[in-house]
Every structure is written in structure tokens, then in C-alpha cells.
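Structure file my_file16.cif; described as mmCIF, N, CA and C atoms.
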```cif
data_protein
#
loop_
_atom_site.group_PDB
_atom_site.id
_atom_site.type_symbol
_atom_site.label_atom_id
_atom_site.label_comp_id
_atom_site.auth_asym_id
_atom_site.auth_seq_id
_atom_site.Cartn_x
_atom_site.Cartn_y
_atom_site.Cartn_z
ATOM 1 N N MET U 1 21.489 -15.379 -35.873
ATOM 2 C CA MET U 1 21.868 -15.051 -34.519
ATOM 3 C C MET U 1 22.761 -16.178 -33.999
ATOM 4 N N SER U 2 23.815 -15.803 -33.373
ATOM 5 C CA SER U 2 24.733 -16.810 -32.850
ATOM 6 C C SER U 2 24.188 -17.415 -31.562
ATOM 7 N N ALA U 3 24.749 -18.564 -31.200
ATOM 8 C CA ALA U 3 24.319 -19.249 -29.979
ATOM 9 C C ALA U 3 24.577 -18.364 -28.762
ATOM 10 N N GLU U 4 25.685 -17.621 -28.809
ATOM 11 C CA GLU U 4 26.029 -16.744 -27.691
ATOM 12 C C GLU U 4 25.001 -15.617 -27.544
ATOM 13 N N ALA U 5 24.617 -15.031 -28.668
ATOM 14 C CA ALA U 5 23.635 -13.951 -28.647
ATOM 15 C C ALA U 5 22.283 -14.473 -28.156
ATOM 16 N N THR U 6 21.930 -15.677 -28.581
ATOM 17 C CA THR U 6 20.668 -16.271 -28.148
ATOM 18 C C THR U 6 20.676 -16.467 -26.641
ATOM 19 N N THR U 7 21.768 -16.927 -26.103
ATOM 20 C CA THR U 7 21.881 -17.143 -24.664
ATOM 21 C C THR U 7 21.738 -15.826 -23.911
ATOM 22 N N GLU U 8 22.342 -14.759 -24.424
ATOM 23 C CA GLU U 8 22.232 -13.453 -23.782
ATOM 24 C C GLU U 8 20.786 -12.969 -23.795
ATOM 25 N N VAL U 9 20.118 -13.160 -24.920
ATOM 26 C CA VAL U 9 18.716 -12.754 -25.029
ATOM 27 C C VAL U 9 17.867 -13.570 -24.063
ATOM 28 N N GLU U 10 18.106 -14.860 -23.998
ATOM 29 C CA GLU U 10 17.351 -15.718 -23.084
ATOM 30 C C GLU U 10 17.592 -15.332 -21.637
ATOM 31 N N GLU U 11 18.833 -15.016 -21.298
ATOM 32 C CA GLU U 11 19.153 -14.590 -19.930
ATOM 33 C C GLU U 11 18.454 -13.280 -19.592
ATOM 34 N N TYR U 12 18.474 -12.345 -20.557
ATOM 35 C CA TYR U 12 17.806 -11.060 -20.355
ATOM 36 C C TYR U 12 16.306 -11.279 -20.150
ATOM 37 N N ASN U 13 15.708 -12.102 -21.020
ATOM 38 C CA ASN U 13 14.274 -12.379 -20.918
ATOM 39 C C ASN U 13 13.922 -13.044 -19.591
ATOM 40 N N ALA U 14 14.742 -13.973 -19.152
ATOM 41 C CA ALA U 14 14.503 -14.651 -17.881
ATOM 42 C C ALA U 14 14.586 -13.660 -16.723
ATOM 43 N N LYS U 15 15.564 -12.769 -16.790
ATOM 44 C CA LYS U 15 15.729 -11.762 -15.737
ATOM 45 C C LYS U 15 14.509 -10.837 -15.700
ATOM 46 N N LYS U 16 14.065 -10.398 -16.864
ATOM 47 C CA LYS U 16 12.907 -9.512 -16.934
ATOM 48 C C LYS U 16 11.643 -10.215 -16.432
ATOM 49 N N MET U 17 11.470 -11.476 -16.790
ATOM 50 C CA MET U 17 10.303 -12.222 -16.331
ATOM 51 C C MET U 17 10.309 -12.346 -14.810
ATOM 52 N N ALA U 18 11.475 -12.563 -14.233
ATOM 53 C CA ALA U 18 11.577 -12.660 -12.776
ATOM 54 C C ALA U 18 11.231 -11.323 -12.125
ATOM 55 N N GLU U 19 11.695 -10.223 -12.722
ATOM 56 C CA GLU U 19 11.378 -8.893 -12.191
ATOM 57 C C GLU U 19 9.875 -8.622 -12.249
ATOM 58 N N VAL U 20 9.266 -8.966 -13.379
ATOM 59 C CA VAL U 20 7.823 -8.751 -13.546
ATOM 60 C C VAL U 20 7.046 -9.599 -12.545
ATOM 61 N N ALA U 21 7.475 -10.830 -12.336
ATOM 62 C CA ALA U 21 6.798 -11.703 -11.375
ATOM 63 C C ALA U 21 6.892 -11.126 -9.966
ATOM 64 N N GLN U 22 8.059 -10.605 -9.614
ATOM 65 C CA GLN U 22 8.231 -10.024 -8.284
ATOM 66 C C GLN U 22 7.358 -8.773 -8.125
ATOM 67 N N GLU U 23 7.334 -7.922 -9.149
ATOM 68 C CA GLU U 23 6.493 -6.726 -9.091
ATOM 69 C C GLU U 23 5.015 -7.105 -8.974
ATOM 70 N N SER U 24 4.611 -8.120 -9.703
ATOM 71 C CA SER U 24 3.223 -8.574 -9.662
ATOM 72 C C SER U 24 2.859 -9.064 -8.266
ATOM 73 N N GLN U 25 3.768 -9.789 -7.652
ATOM 74 C CA GLN U 25 3.536 -10.287 -6.290
ATOM 75 C C GLN U 25 3.328 -9.124 -5.324
ATOM 76 N N GLN U 26 4.141 -8.097 -5.457
ATOM 77 C CA GLN U 26 4.012 -6.931 -4.589
ATOM 78 C C GLN U 26 2.698 -6.202 -4.850
ATOM 79 N N MET U 27 2.314 -6.102 -6.109
ATOM 80 C CA MET U 27 1.069 -5.423 -6.463
ATOM 81 C C MET U 27 -0.141 -6.162 -5.902
ATOM 82 N N ILE U 28 -0.090 -7.483 -5.908
ATOM 83 C CA ILE U 28 -1.201 -8.271 -5.368
ATOM 84 C C ILE U 28 -1.348 -8.013 -3.874
ATOM 85 N N GLY U 29 -0.230 -8.010 -3.167
ATOM 86 C CA GLY U 29 -0.268 -7.721 -1.729
ATOM 87 C C GLY U 29 -0.815 -6.333 -1.444
ATOM 88 N N ASN U 30 -0.367 -5.351 -2.226
ATOM 89 C CA ASN U 30 -0.850 -3.979 -2.052
ATOM 90 C C ASN U 30 -2.340 -3.892 -2.352
ATOM 91 N N SER U 31 -2.770 -4.555 -3.398
ATOM 92 C CA SER U 31 -4.188 -4.546 -3.776
ATOM 93 C C SER U 31 -5.043 -5.178 -2.683
ATOM 94 N N LYS U 32 -4.545 -6.263 -2.116
ATOM 95 C CA LYS U 32 -5.283 -6.946 -1.044
ATOM 96 C C LYS U 32 -5.452 -6.014 0.153
ATOM 97 N N ARG U 33 -4.383 -5.335 0.532
ATOM 98 C CA ARG U 33 -4.468 -4.409 1.669
ATOM 99 C C ARG U 33 -5.455 -3.266 1.381
ATOM 100 N N ARG U 34 -5.410 -2.730 0.174
ATOM 101 C CA ARG U 34 -6.336 -1.652 -0.173
ATOM 102 C C ARG U 34 -7.774 -2.145 -0.183
ATOM 103 N N MET U 35 -7.985 -3.354 -0.679
ATOM 104 C CA MET U 35 -9.336 -3.924 -0.728
ATOM 105 C C MET U 35 -9.873 -4.131 0.690
ATOM 106 N N GLU U 36 -9.040 -4.654 1.575
ATOM 107 C CA GLU U 36 -9.463 -4.859 2.960
ATOM 108 C C GLU U 36 -9.805 -3.533 3.625
ATOM 109 N N SER U 37 -8.970 -2.535 3.397
ATOM 110 C CA SER U 37 -9.197 -1.224 3.981
ATOM 111 C C SER U 37 -10.505 -0.623 3.470
ATOM 112 N N THR U 38 -10.725 -0.731 2.176
ATOM 113 C CA THR U 38 -11.943 -0.190 1.580
ATOM 114 C C THR U 38 -13.181 -0.929 2.078
ATOM 115 N N ALA U 39 -13.091 -2.236 2.185
ATOM 116 C CA ALA U 39 -14.224 -3.022 2.680
ATOM 117 C C ALA U 39 -14.549 -2.631 4.114
ATOM 118 N N ASN U 40 -13.530 -2.459 4.938
ATOM 119 C CA ASN U 40 -13.763 -2.058 6.330
ATOM 120 C C ASN U 40 -14.388 -0.670 6.417
ATOM 121 N N GLU U 41 -13.927 0.251 5.565
ATOM 122 C CA GLU U 41 -14.519 1.588 5.531
ATOM 123 C C GLU U 41 -15.981 1.517 5.091
ATOM 124 N N PHE U 42 -16.261 0.658 4.113
ATOM 125 C CA PHE U 42 -17.625 0.491 3.620
ATOM 126 C C PHE U 42 -18.537 -0.074 4.706
ATOM 127 N N LEU U 43 -18.042 -1.076 5.428
ATOM 128 C CA LEU U 43 -18.835 -1.643 6.519
ATOM 129 C C LEU U 43 -19.125 -0.594 7.592
ATOM 130 N N LYS U 44 -18.141 0.225 7.905
ATOM 131 C CA LYS U 44 -18.331 1.290 8.887
ATOM 132 C C LYS U 44 -19.369 2.290 8.377
ATOM 133 N N LEU U 45 -19.288 2.626 7.101
ATOM 134 C CA LEU U 45 -20.252 3.541 6.504
ATOM 135 C C LEU U 45 -21.667 2.972 6.593
ATOM 136 N N LEU U 46 -21.803 1.687 6.308
ATOM 137 C CA LEU U 46 -23.119 1.051 6.413
ATOM 138 C C LEU U 46 -23.637 1.107 7.845
ATOM 139 N N ASP U 47 -22.774 0.784 8.790
ATOM 140 C CA ASP U 47 -23.183 0.791 10.201
ATOM 141 C C ASP U 47 -23.545 2.204 10.674
ATOM 142 N N ASP U 48 -22.740 3.188 10.258
ATOM 143 C CA ASP U 48 -22.966 4.570 10.690
ATOM 144 C C ASP U 48 -24.245 5.161 10.097
ATOM 145 N N ASN U 49 -24.687 4.627 8.972
ATOM 146 C CA ASN U 49 -25.854 5.181 8.280
ATOM 147 C C ASN U 49 -27.017 4.202 8.235
ATOM 148 N N GLN U 50 -27.082 3.358 9.226
ATOM 149 C CA GLN U 50 -28.097 2.314 9.268
ATOM 150 C C GLN U 50 -29.521 2.885 9.192
ATOM 151 N N ALA U 51 -29.779 3.968 9.885
ATOM 152 C CA ALA U 51 -31.123 4.561 9.903
ATOM 153 C C ALA U 51 -31.520 5.024 8.500
ATOM 154 N N GLU U 52 -30.599 5.674 7.804
ATOM 155 C CA GLU U 52 -30.890 6.168 6.465
ATOM 156 C C GLU U 52 -31.050 5.038 5.449
ATOM 157 N N LEU U 53 -30.478 3.898 5.763
ATOM 158 C CA LEU U 53 -30.494 2.766 4.833
ATOM 159 C C LEU U 53 -31.571 1.740 5.167
ATOM 160 N N LYS U 54 -32.519 2.117 6.021
ATOM 161 C CA LYS U 54 -33.552 1.185 6.458
ATOM 162 C C LYS U 54 -34.299 0.556 5.288
ATOM 163 N N GLU U 55 -34.618 1.368 4.288
ATOM 164 C CA GLU U 55 -35.368 0.873 3.126
ATOM 165 C C GLU U 55 -34.549 -0.125 2.306
ATOM 166 N N ALA U 56 -33.244 -0.052 2.437
ATOM 167 C CA ALA U 56 -32.368 -0.935 1.670
ATOM 168 C C ALA U 56 -31.739 -1.997 2.562
ATOM 169 N N ALA U 57 -32.410 -2.359 3.623
ATOM 170 C CA ALA U 57 -31.857 -3.298 4.609
ATOM 171 C C ALA U 57 -31.429 -4.609 3.964
ATOM 172 N N GLU U 58 -32.207 -5.104 3.016
ATOM 173 C CA GLU U 58 -31.862 -6.359 2.357
ATOM 174 C C GLU U 58 -30.551 -6.233 1.575
ATOM 175 N N LEU U 59 -30.384 -5.112 0.892
ATOM 176 C CA LEU U 59 -29.143 -4.885 0.136
ATOM 177 C C LEU U 59 -27.939 -4.723 1.067
ATOM 178 N N VAL U 60 -28.153 -4.044 2.185
ATOM 179 C CA VAL U 60 -27.082 -3.862 3.161
ATOM 180 C C VAL U 60 -26.653 -5.216 3.716
ATOM 181 N N THR U 61 -27.617 -6.040 4.063
ATOM 182 C CA THR U 61 -27.308 -7.378 4.582
ATOM 183 C C THR U 61 -26.549 -8.189 3.546
ATOM 184 N N GLU U 62 -26.989 -8.128 2.298
ATOM 185 C CA GLU U 62 -26.323 -8.871 1.224
ATOM 186 C C GLU U 62 -24.889 -8.374 1.027
ATOM 187 N N ALA U 63 -24.683 -7.079 1.087
ATOM 188 C CA ALA U 63 -23.346 -6.517 0.932
ATOM 189 C C ALA U 63 -22.427 -7.017 2.050
ATOM 190 N N LYS U 64 -22.940 -7.003 3.256
ATOM 191 C CA LYS U 64 -22.146 -7.474 4.392
ATOM 192 C C LYS U 64 -21.807 -8.964 4.260
ATOM 193 N N LEU U 65 -22.769 -9.736 3.785
ATOM 194 C CA LEU U 65 -22.520 -11.167 3.582
ATOM 195 C C LEU U 65 -21.468 -11.420 2.514
ATOM 196 N N GLN U 66 -21.500 -10.623 1.451
ATOM 197 C CA GLN U 66 -20.532 -10.765 0.388
ATOM 198 C C GLN U 66 -19.110 -10.434 0.876
ATOM 199 N N ILE U 67 -19.008 -9.388 1.663
ATOM 200 C CA ILE U 67 -17.700 -9.003 2.209
ATOM 201 C C ILE U 67 -17.201 -10.091 3.161
ATOM 202 N N GLU U 68 -18.092 -10.597 3.986
ATOM 203 C CA GLU U 68 -17.721 -11.669 4.918
ATOM 204 C C GLU U 68 -17.303 -12.924 4.158
ATOM 205 N N ALA U 69 -18.024 -13.262 3.091
ATOM 206 C CA ALA U 69 -17.710 -14.445 2.286
ATOM 207 C C ALA U 69 -16.352 -14.317 1.604
ATOM 208 N N ALA U 70 -15.952 -13.068 1.329
ATOM 209 C CA ALA U 70 -14.651 -12.826 0.708
ATOM 210 C C ALA U 70 -13.508 -12.970 1.712
ATOM 211 N N GLY U 71 -13.881 -13.136 2.981
ATOM 212 C CA GLY U 71 -12.857 -13.325 4.007
ATOM 213 C C GLY U 71 -12.248 -12.030 4.502
ATOM 214 N N ILE U 72 -12.971 -10.956 4.353
ATOM 215 C CA ILE U 72 -12.446 -9.646 4.772
ATOM 216 C C ILE U 72 -13.075 -9.273 6.087
#
```
Would it be possible to restate this file's structure as C-alpha cells?
Amino acid sequence: MSAEATTEVEEYNAKKMAEVAQESQQMIGNSKRRMESTANEFLKLLDDNQAELKEAAELVTEAKLQIEAAGI
């Protein structure tokens, strides 16, 4: 492989790596938003069904603490 061909391959690889990094960054942001939305829906579900979940009060409290600890 010539030096010129190697440079073209390296440039292509660098460009692709930058594209993948940018896509990954966007995916992380999207995932974070979906996780926050799901956690909020879950908390609402727990609150709305508190009477039915009386027997599992300890688990409900633990779930809420875990979500809070995650910063959501």
C-alpha cells in the first residue's frame, strides 16, 4: 500500500470514528431522557397504586430511594 493510500484510509477511519462518536453522544442524551421519563412514570405509578402496594411498602421505598440516588 502506498503512503498516499494509507493516508486516505487513515482519513476515512478518522472521519468514521468522529461520526460514530457524535452518534454515540446523541444516543446517550436520548437514553438519558427516556430513562428520566420512565422513572417519573414509574414513580407516578407507585404513588397512584399505593394502597395496592401496601404489602410491598419496603420494596416501594427502596425503589424510590434508588431512583432518587440516580439523580432522577
When you draw a straight line from CA of Arg33 in chain U to CA of Gly71 in chain U, how long is it in Å?
12.5 Å
As an exercise, work out the distance from CA of Glu55 in chain U to atom N of Glu36 in chain U in Å and give it to one decimal place.
26.9 Å
Grab the CA of Thr61 in chain U to CA of Phe42 in chain U distance for me, in Å with one decimal place.
12.5 Å
Taking all atoms of range 53-56 of chain U that the file lists, what box with edges along x, y and z, padded by 3 Å per side, do you get, with centre and edge lengths in Å to one decimal, as lines of an AutoDock Vina configuration file?
```
center_x = -32.9
center_y = 1.0
center_z = 4.1
size_x = 10.9
size_y = 11.9
size_z = 10.8
```
Residue set, chain U restricted to alpha helix (DSSP H), as a PyMOL selection string:
chain U and resi 3-48+57-69
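Here the PyMOL selection byres (((chain U and resi 60 and name CA) around 12) and name CA) catches exactly these residues: Phe42, Leu43, Lys44, Leu45, Leu46, Asp47, Asn49, Gln50, Ala51, Glu52, Leu53, Lys54, Glu55, Ala56, Ala57, Glu58, Leu59, Thr61, Glu62, Ala63, Lys64, Leu65, Gln66 and Ile67 of chain U.
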Requested write-out: N, CA and C atoms of the selected residues, as a short mmCIF file (atom, residue, chain, number, x, y, z; two decimals), in the coordinates of the input:
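Now in result.cif:
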```cif
data_model
loop_
_atom_site.label_atom_id
_atom_site.label_comp_id
_atom_site.auth_asym_id
_atom_site.auth_seq_id
_atom_site.Cartn_x
_atom_site.Cartn_y
_atom_site.Cartn_z
N PHE U 42 -16.26 0.66 4.11
CA PHE U 42 -17.62 0.49 3.62
C PHE U 42 -18.54 -0.07 4.71
N LEU U 43 -18.04 -1.08 5.43
CA LEU U 43 -18.84 -1.64 6.52
C LEU U 43 -19.12 -0.59 7.59
N LYS U 44 -18.14 0.22 7.90
CA LYS U 44 -18.33 1.29 8.89
C LYS U 44 -19.37 2.29 8.38
N LEU U 45 -19.29 2.63 7.10
CA LEU U 45 -20.25 3.54 6.50
C LEU U 45 -21.67 2.97 6.59
N LEU U 46 -21.80 1.69 6.31
CA LEU U 46 -23.12 1.05 6.41
C LEU U 46 -23.64 1.11 7.84
N ASP U 47 -22.77 0.78 8.79
CA ASP U 47 -23.18 0.79 10.20
C ASP U 47 -23.54 2.20 10.67
N ASN U 49 -24.69 4.63 8.97
CA ASN U 49 -25.85 5.18 8.28
C ASN U 49 -27.02 4.20 8.24
N GLN U 50 -27.08 3.36 9.23
CA GLN U 50 -28.10 2.31 9.27
C GLN U 50 -29.52 2.88 9.19
N ALA U 51 -29.78 3.97 9.88
CA ALA U 51 -31.12 4.56 9.90
C ALA U 51 -31.52 5.02 8.50
N GLU U 52 -30.60 5.67 7.80
CA GLU U 52 -30.89 6.17 6.46
C GLU U 52 -31.05 5.04 5.45
N LEU U 53 -30.48 3.90 5.76
CA LEU U 53 -30.49 2.77 4.83
C LEU U 53 -31.57 1.74 5.17
N LYS U 54 -32.52 2.12 6.02
CA LYS U 54 -33.55 1.18 6.46
C LYS U 54 -34.30 0.56 5.29
N GLU U 55 -34.62 1.37 4.29
CA GLU U 55 -35.37 0.87 3.13
C GLU U 55 -34.55 -0.12 2.31
N ALA U 56 -33.24 -0.05 2.44
CA ALA U 56 -32.37 -0.94 1.67
C ALA U 56 -31.74 -2.00 2.56
N ALA U 57 -32.41 -2.36 3.62
CA ALA U 57 -31.86 -3.30 4.61
C ALA U 57 -31.43 -4.61 3.96
N GLU U 58 -32.21 -5.10 3.02
CA GLU U 58 -31.86 -6.36 2.36
C GLU U 58 -30.55 -6.23 1.58
N LEU U 59 -30.38 -5.11 0.89
CA LEU U 59 -29.14 -4.88 0.14
C LEU U 59 -27.94 -4.72 1.07
N THR U 61 -27.62 -6.04 4.06
CA THR U 61 -27.31 -7.38 4.58
C THR U 61 -26.55 -8.19 3.55
N GLU U 62 -26.99 -8.13 2.30
CA GLU U 62 -26.32 -8.87 1.22
C GLU U 62 -24.89 -8.37 1.03
N ALA U 63 -24.68 -7.08 1.09
CA ALA U 63 -23.35 -6.52 0.93
C ALA U 63 -22.43 -7.02 2.05
N LYS U 64 -22.94 -7.00 3.26
CA LYS U 64 -22.15 -7.47 4.39
C LYS U 64 -21.81 -8.96 4.26
N LEU U 65 -22.77 -9.74 3.78
CA LEU U 65 -22.52 -11.17 3.58
C LEU U 65 -21.47 -11.42 2.51
N GLN U 66 -21.50 -10.62 1.45
CA GLN U 66 -20.53 -10.76 0.39
C GLN U 66 -19.11 -10.43 0.88
N ILE U 67 -19.01 -9.39 1.66
CA ILE U 67 -17.70 -9.00 2.21
C ILE U 67 -17.20 -10.09 3.16
#
```
